[in-house]
Structure formats: C-alpha cells, structure tokens
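Scroll down for the structure; my scribbles are underneath it.
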Amino acid sequence: MAAFASSAFGTSARSDLIFLVLFAAAVLTAPLWAGLIGAGYPDLLQKWAIYGLFAIGFNILFGLTGYLSFGHAAFLGVGSYTAVWSFKLLGMNVLPAVFFAMITAAVFALAIGYISLRRSGIYFSILTLAFAQMSYNLAYSVLTPITNGETGLTVLPDDPRILEQLAGVRDTVSTPTTSLFGLEMTGYPGFYFCAVVLIIGFFVAMKISRSPFGTMLKAIKSNQTRMNYTGFNTRPYTLAAFIISGMYAGLAGALLASTDPLAGAERMQWTASGEVVLMTILGGAGTLLGPVLGAAVIKYFENIFSAFNEQVLMEMFNFLPETLQEAAVAVSGLFVGEGWHLTLGVVFMLIVIFLPGGIMEGVRRVQKMFRRSDGAQSSSTVSESA
C-alpha cells in the first residue's frame, strides 16, 4: 500500500512538473504564436499575463471554496495605488512596489474578509460588492489627497524617490519610467517580467490546489454545512483563501502600475470585478488553466475585435458586390468595434449552455473522444489478431 501511494505521488508530481513546464513554455513563447492571430504586440500580452494572474487568484477563492466575490477589483485598485506611491516615495524599481502592494492588499483582504465571511452565498457576494463600491467612492472623492480623485495618481519628476536620491541617480527633469534594476518595464521586457510573475503565481496556485489546505477548501465547497456539523471550524480556511486571493489581485494591480505608472479609481469599479468573474467562468472555475484561458479570450476580444471599424470591414468584404458588401459590413459591424461586448456575450452564452464547465470542459471532452477512438482501434486490432 505504501509503495502504491509513493508511486502515485511520484506520478502526480511528475505530471505536475510537465504541466508547469509546458505552461511556462507557452507563456514565454507567446510573442511568437500570438502573432499568428494578430495579438503578438506587448501591450496586449502584458494585459493577458496580468489579468491571467488576477483570474488565477480569484479562482483560489471562487473555484476552490465556492465563495463568489463581486468586489475583488478593490484589491486590484489598492495594489495599483500602493505601487504608484512606492514609485513616488522610494523609486522606480518594481520589486518594492510589488512587495508593498501585496502586503497592503493582504491587510485590506483581512479586514473585508473578516466581516464578509460571516455570511455565505448571495449575502457574501453582496457584502463584497458593497465594500468594493465603498472603496471606489473613497478613492474617487473622499481620499483625494491620497488617490488624486478622478484625475488618478501618477508619478511626477519632482517626487521624492528616496532610494534613487540616496544613490544619486534621481532625475528631476524627465518623466521617470519603471524599471527592474535598470531594465525598463516597457515593451517586451515589461511583458516578460509579467510573464515570469504569472508562471510563479501559477506554480503557487498549483501547490495550493494539490496541498492538504487546497483539499480542505474543496471540501468546504462540496459541503460546508456538513463540515460545520462535525465541529470543524471552516472559517480560518476560507479567510486564508480570501487573503491569498486578495494578494493575487494586489499583485496584478501592482503589475498594471508597473507597465503603466498610473492608478485610477476606475480599476475598483464593479465592472472590473465582474470581468474577473467572467474570465474564471469562461475558462473553467476550479481548474488551474481555465482562468488564464478565460482572461486571454476576453482580452483578445476587447483589444482585437474592438479595433475592427467600418473601414477594416469594408476591406475584408471587398470581394463581394457593393450591395452585399454594405449589408455584410452593416451586420458584422454590430458584433465588432463598439459592439464587441455583443460578440463576447454570445460566446459566453454558448459556453454556459453547451459547456457549463467552461473552455476546460470542452478540452476534457475532446480528450475523452480521442481516448475512446484509441481504445476502439486497439480493441479492433486485438480482435483481428485473434
């Protein structure tokens, strides 16, 4: 029995390592294969990596415990504001900004989670939404000395930047740019920094999911009431999951500020919270890869389909007669450009209806089809040889 358990553990660890290596290879080579679908430019790749990380963290709470938060954008905004203040006070190095953003987001998550987790179900969701809207209003109007209100918080040439001042490298003339020990976080270097952080975040999420702690979170999602009846206190586990998820969101907010040193209250709006919910459900809640795929799909629609204007559509359908061309442009124009949300809504509706488990359920179904066909071929080969 012990030998079987050891063998099973070794096989699982080996498969996880292979999965992680393949994921890292796909992420790091994204500029190559994403260019084939018109998405190989740095800004879009950065957004995909950042929001993929945001969705991974959200999935630790929603996918593993079943607690649906409608207020995770609050931690995204807190992380952005903390990162920009780190740039203004300490220097333009992204590492201190990332560190302080995660710590601040963890403190906020502890405070909000301690209150919100007294309830479950829709009441928990409404509480988190209320806290997020409170945070948005505070950042937009009340805490303007800290957040700069509707204008947003930016880095200015005359900011203190104490660490740079001590090192004698502070520039008070030009607008500073974020960097990692001298390597500017713009273009592809910025993407690769976000990509490495995404891979690390994916690895940590994998370890959490496979750990006894992750197993306990899955048990809470399965039947928390039964666990409470047995006398097991589930609240420390749900609070820990909430804090970890908030730290992921704060980290994503810091990366947004690192690639574009600006923090605004719009990152705390309920629409940003709803977006990460869509990403997770679209890709497959409770899976490791699903939230990343969901983030990639939504950001692709947002940046590629929204760029299709009437002129582009006219060029696409220029092989048609003029009357049919105008009709094709008029119909397709409803689903692209400013109407890209309609296309996303149709895709989301189809996936929810036919693939309730998200994109990853479709992947699993395809795998089963191939396994069945392989099994049928092998059985037919055996019968013929017999």
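Residues are named by chain letter and number: chains run A, B, ... in the order of the structure tokens, numbers start at 1 in each chain, and ligands are numbered from 1 in the order shown.
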
Alpha helix (DSSP H) call set, DSSP backbone run, range 42-276 of chain A, as a PyMOL selection string: chain A and resi 42-65+73-89+94-116+121-137+144-147+162-167+187-210+212-229+235-259+270-276

Closest atom pairs, range 186-300 of chain A residues within 12 Å of range 363-367 of chain A, only C-alpha atoms, as JSON lines:
{"residue": "A:Gly283", "atom": "CA", "partner": "A:Val363", "partner_atom": "CA", "distance": 10.4}
{"residue": "A:Gly284", "atom": "CA", "partner": "A:Val363", "partner_atom": "CA", "distance": 10.4}
{"residue": "A:Thr287", "atom": "CA", "partner": "A:Arg364", "partner_atom": "CA", "distance": 11.4}
{"residue": "A:Leu289", "atom": "CA", "partner": "A:Val363", "partner_atom": "CA", "distance": 10.9}
{"residue": "A:Gly290", "atom": "CA", "partner": "A:Val363", "partner_atom": "CA", "distance": 10.1}
{"residue": "A:Leu293", "atom": "CA", "partner": "A:Val363", "partner_atom": "CA", "distance": 11.5}

Give me the residues within 6 Å of range 267-276 of chain A as a short mmCIF file (atom, residue, chain, number, x, y, z; two decimals) with C-alpha atoms, in the first residue's frame, counting only C-alpha atoms and dropping any in the same chain fewer than 6 places off.
data_model
loop_
_atom_site.label_atom_id
_atom_site.label_comp_id
_atom_site.auth_asym_id
_atom_site.auth_seq_id
_atom_site.Cartn_x
_atom_site.Cartn_y
_atom_site.Cartn_z
CA ALA A 55 -8.09 35.36 -12.50
CA PHE A 70 -18.13 40.65 -6.59
CA GLY A 71 -15.59 43.01 -5.03
CA HIS A 72 -12.14 41.76 -5.98
CA ALA A 73 -11.46 44.88 -8.03
CA ALA A 74 -11.00 46.71 -4.72
CA GLY A 77 -7.08 49.16 -7.16
CA TYR A 136 -14.34 53.10 -5.29
#

Neighbour list for Ala327 in chain A as a PyMOL selection string, cut-off 12 Å, only C-alpha atoms, skip fewer than 4 positions in-chain: chain A and resi 310+313-314+317-318+320-323+331-334

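Residues in contact with range 168-171 of chain A at up to 10 Å, not including ones fewer than 6 positions away on its chain and judged by only C-alpha atoms, are Gly91, Met92, Pro157, Asp158, Asp159, Pro160, Arg161 and Ile162 of chain A.
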
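Considering the residues A:Val352, A:Val78, A:Ile200, A:Met227 and counting only C-alpha atoms, Ile56 in chain A has its shortest atom-to-atom contact with A:Ile200.
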
For Thr234 in chain A, the nearest of the candidates A:Ser80, A:Asn93, A:Ser15, A:Ser120, counting only C-alpha atoms: A:Ser120

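The smallest atom-to-atom distance between Ser179 in chain A and any of A:Tyr229, A:Tyr123, A:Leu45, A:Leu255, using only C-alpha atoms, is found for A:Leu255.
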